[in-house]
Structures are given as structure tokens and as C-alpha cells.
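K.L.:
My structure is in final02.txt, and what it holds is compact mmCIF, N, CA and C atoms:
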```txt
# COMPACT_ATOMS: atom_id res chain seq x y z
N MET A 25 173.23 124.49 160.72
CA MET A 25 173.46 123.15 160.28
C MET A 25 172.68 122.19 161.18
N GLN A 26 172.02 121.25 160.52
CA GLN A 26 171.19 120.31 161.26
C GLN A 26 172.01 119.15 161.78
N LYS A 27 171.71 118.75 163.04
CA LYS A 27 172.39 117.59 163.60
C LYS A 27 171.80 116.32 163.01
N LYS A 28 172.66 115.36 162.78
CA LYS A 28 172.19 114.06 162.32
C LYS A 28 171.69 113.27 163.52
N ARG A 29 170.50 112.73 163.38
CA ARG A 29 169.96 111.90 164.45
C ARG A 29 170.45 110.48 164.27
N LYS A 30 170.74 109.87 165.40
CA LYS A 30 171.08 108.45 165.35
C LYS A 30 169.78 107.67 165.24
N LEU A 31 169.75 106.80 164.28
CA LEU A 31 168.57 105.96 164.12
C LEU A 31 168.62 104.83 165.13
N PHE A 32 167.50 104.59 165.72
CA PHE A 32 167.39 103.51 166.70
C PHE A 32 167.29 102.20 165.94
N LYS A 33 168.20 101.31 166.19
CA LYS A 33 168.22 100.00 165.55
C LYS A 33 167.47 99.01 166.45
N VAL A 34 166.42 98.43 165.90
CA VAL A 34 165.62 97.47 166.64
C VAL A 34 166.31 96.12 166.63
N LYS A 35 166.42 95.52 167.78
CA LYS A 35 166.94 94.16 167.88
C LYS A 35 165.72 93.25 167.96
N TYR A 36 165.41 92.62 166.85
CA TYR A 36 164.18 91.84 166.74
C TYR A 36 164.13 90.64 167.67
N THR A 37 165.27 90.10 168.01
CA THR A 37 165.28 88.96 168.92
C THR A 37 164.79 89.33 170.32
N ASN A 38 164.72 90.62 170.61
CA ASN A 38 164.14 91.06 171.88
C ASN A 38 162.62 90.89 171.88
N TYR A 39 162.03 90.81 170.69
CA TYR A 39 160.58 90.79 170.57
C TYR A 39 160.02 89.53 169.94
N PHE A 40 160.83 88.81 169.19
CA PHE A 40 160.35 87.65 168.45
C PHE A 40 161.25 86.44 168.67
N THR A 41 160.64 85.28 168.54
CA THR A 41 161.39 84.03 168.43
C THR A 41 160.85 83.31 167.21
N ALA A 42 161.68 82.53 166.58
CA ALA A 42 161.27 81.81 165.37
C ALA A 42 160.46 80.57 165.76
N LYS A 43 159.38 80.36 165.05
CA LYS A 43 158.65 79.11 165.18
C LYS A 43 159.29 78.15 164.20
N ARG A 44 159.77 77.05 164.66
CA ARG A 44 160.47 76.11 163.78
C ARG A 44 159.52 75.19 163.03
N TYR A 45 158.31 75.06 163.54
CA TYR A 45 157.34 74.16 162.91
C TYR A 45 156.10 74.96 162.52
N ILE A 46 155.64 74.75 161.31
CA ILE A 46 154.48 75.48 160.80
C ILE A 46 153.19 74.95 161.39
N ILE A 47 153.13 73.64 161.60
CA ILE A 47 151.93 73.03 162.16
C ILE A 47 152.32 72.14 163.33
N THR A 48 151.33 71.82 164.14
CA THR A 48 151.58 70.99 165.31
C THR A 48 151.76 69.53 164.89
N TYR A 49 152.23 68.72 165.80
CA TYR A 49 152.41 67.30 165.53
C TYR A 49 151.07 66.65 165.18
N THR A 50 150.02 67.00 165.89
CA THR A 50 148.69 66.46 165.62
C THR A 50 148.22 66.86 164.22
N GLU A 51 148.40 68.12 163.87
CA GLU A 51 148.01 68.59 162.54
C GLU A 51 148.82 67.87 161.46
N LEU A 52 150.07 67.57 161.75
CA LEU A 52 150.93 66.89 160.79
C LEU A 52 150.40 65.50 160.46
N LYS A 53 149.86 64.80 161.47
CA LYS A 53 149.28 63.47 161.22
C LYS A 53 148.14 63.58 160.21
N TYR A 54 147.26 64.56 160.39
CA TYR A 54 146.16 64.77 159.46
C TYR A 54 146.69 65.23 158.10
N TYR A 55 147.67 66.11 158.11
CA TYR A 55 148.24 66.65 156.88
C TYR A 55 148.73 65.53 155.96
N LYS A 56 149.44 64.58 156.52
CA LYS A 56 150.00 63.49 155.70
C LYS A 56 148.91 62.70 154.99
N ASP A 57 147.84 62.38 155.70
CA ASP A 57 146.74 61.65 155.08
C ASP A 57 145.97 62.53 154.09
N LEU A 58 145.75 63.79 154.46
CA LEU A 58 145.05 64.70 153.56
C LEU A 58 145.85 64.95 152.28
N LEU A 59 147.16 64.97 152.39
CA LEU A 59 148.01 65.16 151.22
C LEU A 59 147.86 63.99 150.25
N GLU A 60 147.80 62.80 150.79
CA GLU A 60 147.60 61.61 149.95
C GLU A 60 146.23 61.67 149.27
N ILE A 61 145.21 62.05 150.04
CA ILE A 61 143.86 62.17 149.50
C ILE A 61 143.82 63.23 148.41
N ALA A 62 144.43 64.38 148.67
CA ALA A 62 144.47 65.47 147.70
C ALA A 62 145.14 65.03 146.40
N THR A 63 146.24 64.33 146.53
CA THR A 63 146.97 63.84 145.36
C THR A 63 146.09 62.90 144.54
N ASN A 64 145.39 61.99 145.22
CA ASN A 64 144.51 61.04 144.54
C ASN A 64 143.34 61.74 143.83
N LEU A 65 142.90 62.87 144.37
CA LEU A 65 141.78 63.61 143.78
C LEU A 65 142.25 64.73 142.85
N ASN A 66 143.56 64.79 142.59
CA ASN A 66 144.16 65.82 141.74
C ASN A 66 143.89 67.23 142.28
N LEU A 67 144.05 67.37 143.60
CA LEU A 67 143.85 68.65 144.27
C LEU A 67 145.15 69.09 144.94
N ILE A 68 145.19 70.35 145.34
CA ILE A 68 146.32 70.91 146.10
C ILE A 68 145.89 71.00 147.55
N LEU A 69 146.80 70.70 148.46
CA LEU A 69 146.53 70.86 149.89
C LEU A 69 147.34 72.03 150.41
N LEU A 70 146.64 73.02 150.93
CA LEU A 70 147.28 74.20 151.54
C LEU A 70 147.06 74.13 153.04
N THR A 71 147.97 74.71 153.80
CA THR A 71 147.81 74.69 155.25
C THR A 71 148.06 76.08 155.84
N LYS A 72 147.37 76.34 156.95
CA LYS A 72 147.50 77.59 157.70
C LYS A 72 147.29 78.81 156.82
N VAL A 73 146.15 78.84 156.14
CA VAL A 73 145.82 79.95 155.26
C VAL A 73 145.03 80.98 156.06
N SER A 74 145.46 82.22 155.99
CA SER A 74 144.78 83.30 156.68
C SER A 74 143.38 83.50 156.12
N ILE A 75 142.43 83.79 157.00
CA ILE A 75 141.07 84.07 156.55
C ILE A 75 141.07 85.25 155.58
N TYR A 76 141.99 86.20 155.76
CA TYR A 76 142.07 87.35 154.86
C TYR A 76 142.39 86.95 153.43
N ASN A 77 142.96 85.76 153.23
CA ASN A 77 143.23 85.28 151.88
C ASN A 77 142.01 84.56 151.29
N LEU A 78 140.98 84.37 152.10
CA LEU A 78 139.79 83.65 151.65
C LEU A 78 138.58 84.55 151.45
N VAL A 79 138.57 85.68 152.10
CA VAL A 79 137.46 86.63 151.99
C VAL A 79 138.01 88.02 151.70
N GLN A 80 137.14 88.85 151.16
CA GLN A 80 137.55 90.21 150.84
C GLN A 80 136.52 91.17 151.42
N LEU A 81 136.99 92.18 152.13
CA LEU A 81 136.07 93.17 152.68
C LEU A 81 135.56 94.07 151.56
N LYS A 82 134.26 94.31 151.55
CA LYS A 82 133.67 95.22 150.57
C LYS A 82 133.92 96.66 151.01
N ASP A 83 133.97 97.55 150.04
CA ASP A 83 134.11 98.98 150.36
C ASP A 83 132.76 99.50 150.83
N THR A 84 132.69 99.84 152.10
CA THR A 84 131.47 100.41 152.65
C THR A 84 131.85 101.56 153.57
N LEU A 85 130.89 102.40 153.89
CA LEU A 85 131.17 103.51 154.79
C LEU A 85 131.40 103.05 156.21
N TYR A 86 130.66 102.02 156.59
CA TYR A 86 130.78 101.53 157.96
C TYR A 86 130.87 100.02 157.94
N ILE A 87 131.90 99.50 158.54
CA ILE A 87 132.09 98.05 158.61
C ILE A 87 132.04 97.65 160.09
N PRO A 88 130.94 97.02 160.53
CA PRO A 88 130.84 96.64 161.94
C PRO A 88 131.78 95.51 162.33
N ILE A 89 132.21 94.73 161.35
CA ILE A 89 133.16 93.66 161.63
C ILE A 89 134.28 93.74 160.61
N GLY A 90 135.30 93.02 160.84
CA GLY A 90 136.41 93.06 159.89
C GLY A 90 137.66 92.51 160.51
N LYS A 91 138.73 93.30 160.45
CA LYS A 91 140.02 92.81 160.92
C LYS A 91 140.00 92.37 162.37
N LYS A 92 139.34 93.13 163.22
CA LYS A 92 139.31 92.74 164.63
C LYS A 92 138.56 91.43 164.82
N GLN A 93 137.50 91.24 164.04
CA GLN A 93 136.70 90.03 164.17
C GLN A 93 137.50 88.81 163.73
N CYS A 94 138.23 88.94 162.63
CA CYS A 94 139.02 87.81 162.12
C CYS A 94 140.31 87.63 162.89
N GLY A 95 140.87 88.72 163.38
CA GLY A 95 142.14 88.63 164.09
C GLY A 95 143.21 88.04 163.20
N ASN A 96 144.01 87.19 163.76
CA ASN A 96 145.05 86.51 163.00
C ASN A 96 144.64 85.08 162.71
N GLU A 97 143.37 84.88 162.48
CA GLU A 97 142.83 83.53 162.34
C GLU A 97 143.26 82.87 161.03
N THR A 98 143.47 81.57 161.11
CA THR A 98 143.81 80.78 159.94
C THR A 98 142.90 79.56 159.86
N ILE A 99 142.81 79.02 158.66
CA ILE A 99 142.12 77.76 158.45
C ILE A 99 143.20 76.70 158.34
N ASP A 100 143.00 75.57 159.02
CA ASP A 100 144.04 74.55 159.10
C ASP A 100 144.43 74.00 157.73
N PHE A 101 143.44 73.59 156.93
CA PHE A 101 143.74 73.01 155.62
C PHE A 101 142.71 73.47 154.60
N ILE A 102 143.17 73.58 153.35
CA ILE A 102 142.27 73.89 152.24
C ILE A 102 142.62 72.97 151.08
N LEU A 103 141.59 72.34 150.55
CA LEU A 103 141.76 71.57 149.32
C LEU A 103 141.29 72.46 148.17
N SER A 104 142.16 72.63 147.18
CA SER A 104 141.81 73.48 146.05
C SER A 104 142.19 72.80 144.75
N GLU A 105 141.59 73.28 143.67
CA GLU A 105 141.84 72.72 142.35
C GLU A 105 143.26 73.04 141.90
N LYS A 106 143.90 72.06 141.27
CA LYS A 106 145.29 72.24 140.84
C LYS A 106 145.45 73.32 139.79
N ASP A 107 144.57 73.34 138.81
CA ASP A 107 144.72 74.25 137.68
C ASP A 107 144.43 75.71 138.01
N SER A 108 143.44 75.93 138.86
CA SER A 108 143.00 77.30 139.12
C SER A 108 143.22 77.76 140.57
N CYS A 109 143.51 76.83 141.44
CA CYS A 109 143.64 77.09 142.89
C CYS A 109 142.31 77.56 143.49
N ARG A 110 141.21 77.24 142.84
CA ARG A 110 139.87 77.55 143.36
C ARG A 110 139.61 76.64 144.56
N MET A 111 139.11 77.25 145.63
CA MET A 111 138.82 76.49 146.85
C MET A 111 137.72 75.47 146.60
N ARG A 112 137.95 74.26 147.09
CA ARG A 112 136.90 73.24 147.06
C ARG A 112 136.31 73.09 148.45
N VAL A 113 137.19 72.97 149.47
CA VAL A 113 136.70 72.80 150.84
C VAL A 113 137.78 73.24 151.83
N CYS A 114 137.32 73.83 152.90
CA CYS A 114 138.20 74.19 154.02
C CYS A 114 138.01 73.15 155.11
N ILE A 115 139.09 72.81 155.78
CA ILE A 115 139.04 71.81 156.84
C ILE A 115 139.64 72.41 158.10
N GLN A 116 138.86 72.40 159.16
CA GLN A 116 139.31 72.95 160.43
C GLN A 116 139.33 71.84 161.47
N LEU A 117 140.45 71.67 162.14
CA LEU A 117 140.56 70.69 163.22
C LEU A 117 140.14 71.36 164.52
N ASP A 118 139.23 70.73 165.21
CA ASP A 118 138.72 71.27 166.48
C ASP A 118 139.12 70.37 167.63
N ASP A 119 139.72 70.96 168.61
CA ASP A 119 140.07 70.23 169.83
C ASP A 119 138.80 70.07 170.66
N PRO A 120 138.35 68.85 170.89
CA PRO A 120 137.09 68.65 171.61
C PRO A 120 137.15 69.08 173.08
N TYR A 121 138.35 69.27 173.61
CA TYR A 121 138.49 69.63 175.02
C TYR A 121 138.54 71.14 175.24
N ASN A 122 138.78 71.90 174.19
CA ASN A 122 138.92 73.35 174.34
C ASN A 122 137.60 74.02 173.99
N LYS A 123 136.84 74.36 175.01
CA LYS A 123 135.52 74.95 174.80
C LYS A 123 135.44 76.36 175.40
N ASN A 124 136.57 77.10 175.41
CA ASN A 124 136.51 78.43 176.00
C ASN A 124 135.64 79.36 175.15
N LYS A 125 135.09 80.38 175.77
CA LYS A 125 134.12 81.27 175.12
C LYS A 125 134.68 81.93 173.87
N LYS A 126 135.93 82.35 173.94
CA LYS A 126 136.56 83.03 172.82
C LYS A 126 136.63 82.12 171.58
N LYS A 127 137.00 80.87 171.81
CA LYS A 127 137.13 79.90 170.72
C LYS A 127 135.76 79.56 170.14
N VAL A 128 134.78 79.40 171.01
CA VAL A 128 133.42 79.08 170.56
C VAL A 128 132.88 80.24 169.72
N LYS A 129 133.07 81.46 170.18
CA LYS A 129 132.59 82.64 169.46
C LYS A 129 133.29 82.77 168.11
N ARG A 130 134.58 82.50 168.08
CA ARG A 130 135.37 82.55 166.84
C ARG A 130 134.83 81.53 165.86
N ASN A 131 134.59 80.30 166.32
CA ASN A 131 134.08 79.25 165.44
C ASN A 131 132.70 79.58 164.90
N GLU A 132 131.84 80.15 165.73
CA GLU A 132 130.50 80.56 165.28
C GLU A 132 130.62 81.62 164.20
N PHE A 133 131.49 82.60 164.39
CA PHE A 133 131.69 83.66 163.40
C PHE A 133 132.15 83.06 162.07
N ILE A 134 133.15 82.19 162.11
CA ILE A 134 133.68 81.59 160.88
C ILE A 134 132.61 80.75 160.19
N ASN A 135 131.86 79.97 160.95
CA ASN A 135 130.79 79.15 160.37
C ASN A 135 129.74 80.02 159.67
N GLU A 136 129.31 81.09 160.31
CA GLU A 136 128.31 81.98 159.73
C GLU A 136 128.86 82.70 158.50
N LEU A 137 130.08 83.21 158.60
CA LEU A 137 130.71 83.92 157.49
C LEU A 137 130.84 83.01 156.27
N PHE A 138 131.40 81.83 156.49
CA PHE A 138 131.62 80.90 155.38
C PHE A 138 130.30 80.43 154.79
N ASP A 139 129.29 80.21 155.63
CA ASP A 139 127.98 79.79 155.16
C ASP A 139 127.38 80.86 154.24
N GLU A 140 127.41 82.11 154.67
CA GLU A 140 126.85 83.20 153.87
C GLU A 140 127.61 83.41 152.57
N LEU A 141 128.92 83.18 152.59
CA LEU A 141 129.74 83.38 151.39
C LEU A 141 129.85 82.11 150.55
N ASP A 142 129.14 81.06 150.95
CA ASP A 142 129.13 79.79 150.25
C ASP A 142 130.53 79.17 150.13
N ILE A 143 131.25 79.22 151.24
CA ILE A 143 132.56 78.56 151.34
C ILE A 143 132.34 77.33 152.20
N LYS A 144 132.62 76.17 151.63
CA LYS A 144 132.38 74.92 152.35
C LYS A 144 133.47 74.72 153.41
N ILE A 145 133.04 74.44 154.63
CA ILE A 145 133.98 74.16 155.71
C ILE A 145 133.56 72.88 156.41
N ILE A 146 134.54 72.04 156.66
CA ILE A 146 134.32 70.80 157.40
C ILE A 146 135.11 70.91 158.70
N ARG A 147 134.43 70.64 159.79
CA ARG A 147 135.09 70.64 161.09
C ARG A 147 135.31 69.20 161.53
N ILE A 148 136.54 68.91 161.91
CA ILE A 148 136.89 67.56 162.35
C ILE A 148 137.38 67.64 163.79
N LYS A 149 136.74 66.88 164.65
CA LYS A 149 137.19 66.82 166.05
C LYS A 149 138.48 66.02 166.09
N ILE A 150 139.48 66.57 166.74
CA ILE A 150 140.77 65.91 166.83
C ILE A 150 140.67 64.72 167.77
N ASN A 151 141.11 63.60 167.28
CA ASN A 151 141.16 62.37 168.08
C ASN A 151 142.56 61.80 168.00
N GLU A 152 142.90 61.03 168.98
CA GLU A 152 144.18 60.33 168.92
C GLU A 152 144.17 59.35 167.74
N GLU A 153 143.07 58.62 167.61
CA GLU A 153 142.91 57.67 166.52
C GLU A 153 141.82 58.21 165.60
N TYR A 154 142.03 58.10 164.31
CA TYR A 154 141.00 58.51 163.37
C TYR A 154 141.04 57.59 162.16
N ASN A 155 140.00 57.62 161.39
CA ASN A 155 139.84 56.73 160.26
C ASN A 155 140.15 57.49 158.97
N LYS A 156 141.15 57.04 158.24
CA LYS A 156 141.55 57.70 157.00
C LYS A 156 140.41 57.69 155.98
N GLU A 157 139.65 56.60 155.93
CA GLU A 157 138.51 56.50 155.01
C GLU A 157 137.49 57.58 155.32
N TYR A 158 137.32 57.90 156.60
CA TYR A 158 136.41 58.97 157.00
C TYR A 158 136.86 60.31 156.42
N LEU A 159 138.17 60.55 156.47
CA LEU A 159 138.71 61.79 155.90
C LEU A 159 138.43 61.88 154.41
N GLU A 160 138.59 60.75 153.72
CA GLU A 160 138.30 60.73 152.27
C GLU A 160 136.86 61.04 152.01
```
Could I get this structure in the form of C-alpha cells?
P.N.:
Amino acid sequence: MQKKRKLFKVKYTNYFTAKRYIITYTELKYYKDLLEIATNLNLILLTKVSIYNLVQLKDTLYIPIGKKQCGNETIDFILSEKDSCRMRVCIQLDDPYNKNKKKVKRNEFINELFDELDIKIIRIKINEEYNKEYLE
């Protein structure tokens, strides 16, 4: 007769904490204005969309880049068509003070990838004050 094994119950709170806010306070300021702009243009505003939802890896024998290259990267905002959810433009907020090598390399990769795949991306330097008309 086989002994029953006790299953190890994982206590998730030992490993995770809940993030109560989806976006930062700074991103929220931009979100509110972008939402108004999107509404006026009859578009949908999406936030924190994973790059994996924007690109698809082709089936190849050897993929030199992929999941490791993208990591858990997200695009801050996407404006898409209401009827089809087709992407019109991606918007990435860039902190002008954060110039570490990893971030610069990540941004270069995203710029090149999106350029080759004909995905429009706009980079906006985060400022304390910004012009709503500029966003439009």
C-alpha cells in the first residue's frame, strides 16, 4: 500500500505583495489627459500593455532574441481604434534622469523592434509641467 504524501501548501504572502496601484502618480497625470484626447479622437486608451501582446515570435529553429530580451517589459500607453482595437500609436514615458545602461539598452531594443515592425512609438520625457496641447 502506497503512503499518501502531504502536499506542500505554498503561502503566497511569503513571496508576493499586492500592488495597489497599476500606474504611478506621474503616469496617472498623463493618463487623465491622454484619456480625454483618446475620447475626443474616438480611440481607446490602454495602459501597461506587455510587449508580448504587441509582437509575436515567428517559428524559427534559432531565435537569438525573444523572451529574455523583452523581459517583463510594458508600454506605458497605447491608443487604439475603438472598433477593431488596432494599434494606432504606443506612448512611452521616459524619465530624463534615469540613464542607466540597462534602461538605455532596453529603449534601443524597443525602438529598433518597433521601427522594423512598423509600430509607431512616441517617447515623452517626463516633466513636472507639460503642455496638454503638445500631447494632442
K.L.:
Can you pull out every residue within 7 Å of stretch 58-64 of chain A, counting all atoms listed in the file, but drop anything in the same chain fewer than 4 positions away, and send it as a PyMOL selection string?
P.N.:
chain A and resi 53-54+68-69+103+160
K.L.:
Quote the spacing between atom C of A:Ser104 and atom N of A:Val128 in Å to one decimal place.
P.N.:
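Here the two named atoms are 28.1 Å from each other.
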K.L.:
Give me, please, the distance in Å between atom CA of A:Ile134 and atom CA of A:Ile75, quoted to one decimal.
P.N.:
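If I compute the distance from atom CA of A:Ile134 to atom CA of A:Ile75, I get 8.9 Å.
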K.L.:
Can you pull out every residue from chain A that DSSP, working from the backbone, puts in strand (DSSP E), and format the result as an MDAnalysis selection string?
P.N.:
chainID A and resid 67:74 98:105 111:118 145:149
K.L.:
Mind writing the picked residues with N, CA and C atoms as a PDB file, keeping the file's coordinate frame?
P.N.:
```
ATOM      1  N   LEU A  67     144.050  67.370 143.600  1.00  0.00           N
ATOM      2  CA  LEU A  67     143.850  68.650 144.270  1.00  0.00           C
ATOM      3  C   LEU A  67     145.150  69.090 144.940  1.00  0.00           C
ATOM      4  N   ILE A  68     145.190  70.350 145.340  1.00  0.00           N
ATOM      5  CA  ILE A  68     146.320  70.910 146.100  1.00  0.00           C
ATOM      6  C   ILE A  68     145.890  71.000 147.550  1.00  0.00           C
ATOM      7  N   LEU A  69     146.800  70.700 148.460  1.00  0.00           N
ATOM      8  CA  LEU A  69     146.530  70.860 149.890  1.00  0.00           C
ATOM      9  C   LEU A  69     147.340  72.030 150.410  1.00  0.00           C
ATOM     10  N   LEU A  70     146.640  73.020 150.930  1.00  0.00           N
ATOM     11  CA  LEU A  70     147.280  74.200 151.540  1.00  0.00           C
ATOM     12  C   LEU A  70     147.060  74.130 153.040  1.00  0.00           C
ATOM     13  N   THR A  71     147.970  74.710 153.800  1.00  0.00           N
ATOM     14  CA  THR A  71     147.810  74.690 155.250  1.00  0.00           C
ATOM     15  C   THR A  71     148.060  76.080 155.840  1.00  0.00           C
ATOM     16  N   LYS A  72     147.370  76.340 156.950  1.00  0.00           N
ATOM     17  CA  LYS A  72     147.500  77.590 157.700  1.00  0.00           C
ATOM     18  C   LYS A  72     147.290  78.810 156.820  1.00  0.00           C
ATOM     19  N   VAL A  73     146.150  78.840 156.140  1.00  0.00           N
ATOM     20  CA  VAL A  73     145.820  79.950 155.260  1.00  0.00           C
ATOM     21  C   VAL A  73     145.030  80.980 156.060  1.00  0.00           C
ATOM     22  N   SER A  74     145.460  82.220 155.990  1.00  0.00           N
ATOM     23  CA  SER A  74     144.780  83.300 156.680  1.00  0.00           C
ATOM     24  C   SER A  74     143.380  83.500 156.120  1.00  0.00           C
ATOM     25  N   THR A  98     143.470  81.570 161.110  1.00  0.00           N
ATOM     26  CA  THR A  98     143.810  80.780 159.940  1.00  0.00           C
ATOM     27  C   THR A  98     142.900  79.560 159.860  1.00  0.00           C
ATOM     28  N   ILE A  99     142.810  79.020 158.660  1.00  0.00           N
ATOM     29  CA  ILE A  99     142.120  77.760 158.450  1.00  0.00           C
ATOM     30  C   ILE A  99     143.200  76.700 158.340  1.00  0.00           C
ATOM     31  N   ASP A 100     143.000  75.570 159.020  1.00  0.00           N
ATOM     32  CA  ASP A 100     144.040  74.550 159.100  1.00  0.00           C
ATOM     33  C   ASP A 100     144.430  74.000 157.730  1.00  0.00           C
ATOM     34  N   PHE A 101     143.440  73.590 156.930  1.00  0.00           N
ATOM     35  CA  PHE A 101     143.740  73.010 155.620  1.00  0.00           C
ATOM     36  C   PHE A 101     142.710  73.470 154.600  1.00  0.00           C
ATOM     37  N   ILE A 102     143.170  73.580 153.350  1.00  0.00           N
ATOM     38  CA  ILE A 102     142.270  73.890 152.240  1.00  0.00           C
ATOM     39  C   ILE A 102     142.620  72.970 151.080  1.00  0.00           C
ATOM     40  N   LEU A 103     141.590  72.340 150.550  1.00  0.00           N
ATOM     41  CA  LEU A 103     141.760  71.570 149.320  1.00  0.00           C
ATOM     42  C   LEU A 103     141.290  72.460 148.170  1.00  0.00           C
ATOM     43  N   SER A 104     142.160  72.630 147.180  1.00  0.00           N
ATOM     44  CA  SER A 104     141.810  73.480 146.050  1.00  0.00           C
ATOM     45  C   SER A 104     142.190  72.800 144.750  1.00  0.00           C
ATOM     46  N   GLU A 105     141.590  73.280 143.670  1.00  0.00           N
ATOM     47  CA  GLU A 105     141.840  72.720 142.350  1.00  0.00           C
ATOM     48  C   GLU A 105     143.260  73.040 141.900  1.00  0.00           C
ATOM     49  N   MET A 111     139.110  77.250 145.630  1.00  0.00           N
ATOM     50  CA  MET A 111     138.820  76.490 146.850  1.00  0.00           C
ATOM     51  C   MET A 111     137.720  75.470 146.600  1.00  0.00           C
ATOM     52  N   ARG A 112     137.950  74.260 147.090  1.00  0.00           N
ATOM     53  CA  ARG A 112     136.900  73.240 147.060  1.00  0.00           C
ATOM     54  C   ARG A 112     136.310  73.090 148.450  1.00  0.00           C
ATOM     55  N   VAL A 113     137.190  72.970 149.470  1.00  0.00           N
ATOM     56  CA  VAL A 113     136.700  72.800 150.840  1.00  0.00           C
ATOM     57  C   VAL A 113     137.780  73.240 151.830  1.00  0.00           C
ATOM     58  N   CYS A 114     137.320  73.830 152.900  1.00  0.00           N
ATOM     59  CA  CYS A 114     138.200  74.190 154.020  1.00  0.00           C
ATOM     60  C   CYS A 114     138.010  73.150 155.110  1.00  0.00           C
ATOM     61  N   ILE A 115     139.090  72.810 155.780  1.00  0.00           N
ATOM     62  CA  ILE A 115     139.040  71.810 156.840  1.00  0.00           C
ATOM     63  C   ILE A 115     139.640  72.410 158.100  1.00  0.00           C
ATOM     64  N   GLN A 116     138.860  72.400 159.160  1.00  0.00           N
ATOM     65  CA  GLN A 116     139.310  72.950 160.430  1.00  0.00           C
ATOM     66  C   GLN A 116     139.330  71.840 161.470  1.00  0.00           C
ATOM     67  N   LEU A 117     140.450  71.670 162.140  1.00  0.00           N
ATOM     68  CA  LEU A 117     140.560  70.690 163.220  1.00  0.00           C
ATOM     69  C   LEU A 117     140.140  71.360 164.520  1.00  0.00           C
ATOM     70  N   ASP A 118     139.230  70.730 165.210  1.00  0.00           N
ATOM     71  CA  ASP A 118     138.720  71.270 166.480  1.00  0.00           C
ATOM     72  C   ASP A 118     139.120  70.370 167.630  1.00  0.00           C
ATOM     73  N   ILE A 145     133.040  74.440 154.630  1.00  0.00           N
ATOM     74  CA  ILE A 145     133.980  74.160 155.710  1.00  0.00           C
ATOM     75  C   ILE A 145     133.560  72.880 156.410  1.00  0.00           C
ATOM     76  N   ILE A 146     134.540  72.040 156.660  1.00  0.00           N
ATOM     77  CA  ILE A 146     134.320  70.800 157.400  1.00  0.00           C
ATOM     78  C   ILE A 146     135.110  70.910 158.700  1.00  0.00           C
ATOM     79  N   ARG A 147     134.430  70.640 159.790  1.00  0.00           N
ATOM     80  CA  ARG A 147     135.090  70.640 161.090  1.00  0.00           C
ATOM     81  C   ARG A 147     135.310  69.200 161.530  1.00  0.00           C
ATOM     82  N   ILE A 148     136.540  68.910 161.910  1.00  0.00           N
ATOM     83  CA  ILE A 148     136.890  67.560 162.350  1.00  0.00           C
ATOM     84  C   ILE A 148     137.380  67.640 163.790  1.00  0.00           C
ATOM     85  N   LYS A 149     136.740  66.880 164.650  1.00  0.00           N
ATOM     86  CA  LYS A 149     137.190  66.820 166.050  1.00  0.00           C
ATOM     87  C   LYS A 149     138.480  66.020 166.090  1.00  0.00           C
TER      88      LYS A 149
END
```
K.L.:
Report the distance between atom CA of A:Leu65 and atom CA of A:Arg110 in Å, rounded to one decimal place.
P.N.:
14.1 Å
K.L.:
Just checking: using only C-alpha atoms, which residue out of A:Glu97, A:Cys114, A:Lys125, A:Asp83 ends up closest to A:Ile143?
P.N.:
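With only C-alpha atoms as the atom set, the closest residue is A:Cys114.
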K.L.:
Adding 4 Å on each side of the box along x, y and z that holds all listed atoms of stretch 75-85 of chain A, could you give its centre and edge lengths in Å to one decimal, as AutoDock Vina command-line options?
P.N.:
```
--center_x 137.1 --center_y 93.6 --center_z 153.5 --size_x 20.3 --size_y 27.9 --size_z 15.0
```
K.L.:
When you count only C-alpha atoms, which of these residues is closest to A:Cys109: A:Ile146, A:Ile46, A:Leu67, A:Leu81?
P.N.:
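Nearest candidate to A:Cys109 out of A:Ile146, A:Ile46, A:Leu67, A:Leu81: A:Leu67.
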K.L.:
Can you find the residues with an atom no farther than 7 Å from (138.3, 75.4, 163.2), counting only N, CA and C atoms, and report them as a list in words?
P.N.:
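Residues lying no farther than 7 Å from the given point: Ile99, Asp100, Ile115, Gln116, Leu117, Asp118, Asn131, Arg147 and Ile148 of chain A.
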K.L.:
When you count only C-alpha atoms, which of these residues is closest to A:Ile102: A:Arg130, A:Asn124, A:Gln80, A:Leu70?
P.N.:
A:Leu70
K.L.:
With distances taken over only N, CA and C atoms, which of A:Tyr55, A:Tyr49, A:Phe101, A:Tyr36 is nearest to A:Val73?
P.N.:
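Of A:Tyr55, A:Tyr49, A:Phe101, A:Tyr36, the one nearest A:Val73, counting only N, CA and C atoms, is A:Phe101.
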K.L.:
Just the residues within 7 Å of A:Pro120, please, counting only N, CA and C atoms, with nothing from its chain fewer than 6 positions along; format it as a VMD selection string.
P.N.:
chain A and resid 149 to 151
K.L.:
Give the answer as one residue: which of A:Asp107, A:Leu141, A:Glu132, A:Leu159 has the shortest atom-to-atom distance to A:Asn66, using all atoms listed in the file?
P.N.:
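Residue with the minimum atom-to-atom distance to A:Asn66: A:Asp107.
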K.L.:
Could you give me, as a ChimeraX atom specification, each residue of chain A that DSSP assigns to helix (DSSP H, G or I) when run on this structure's backbone?
P.N.:
/A:36-38,49-64,75-77,91-94,125-140,156-159
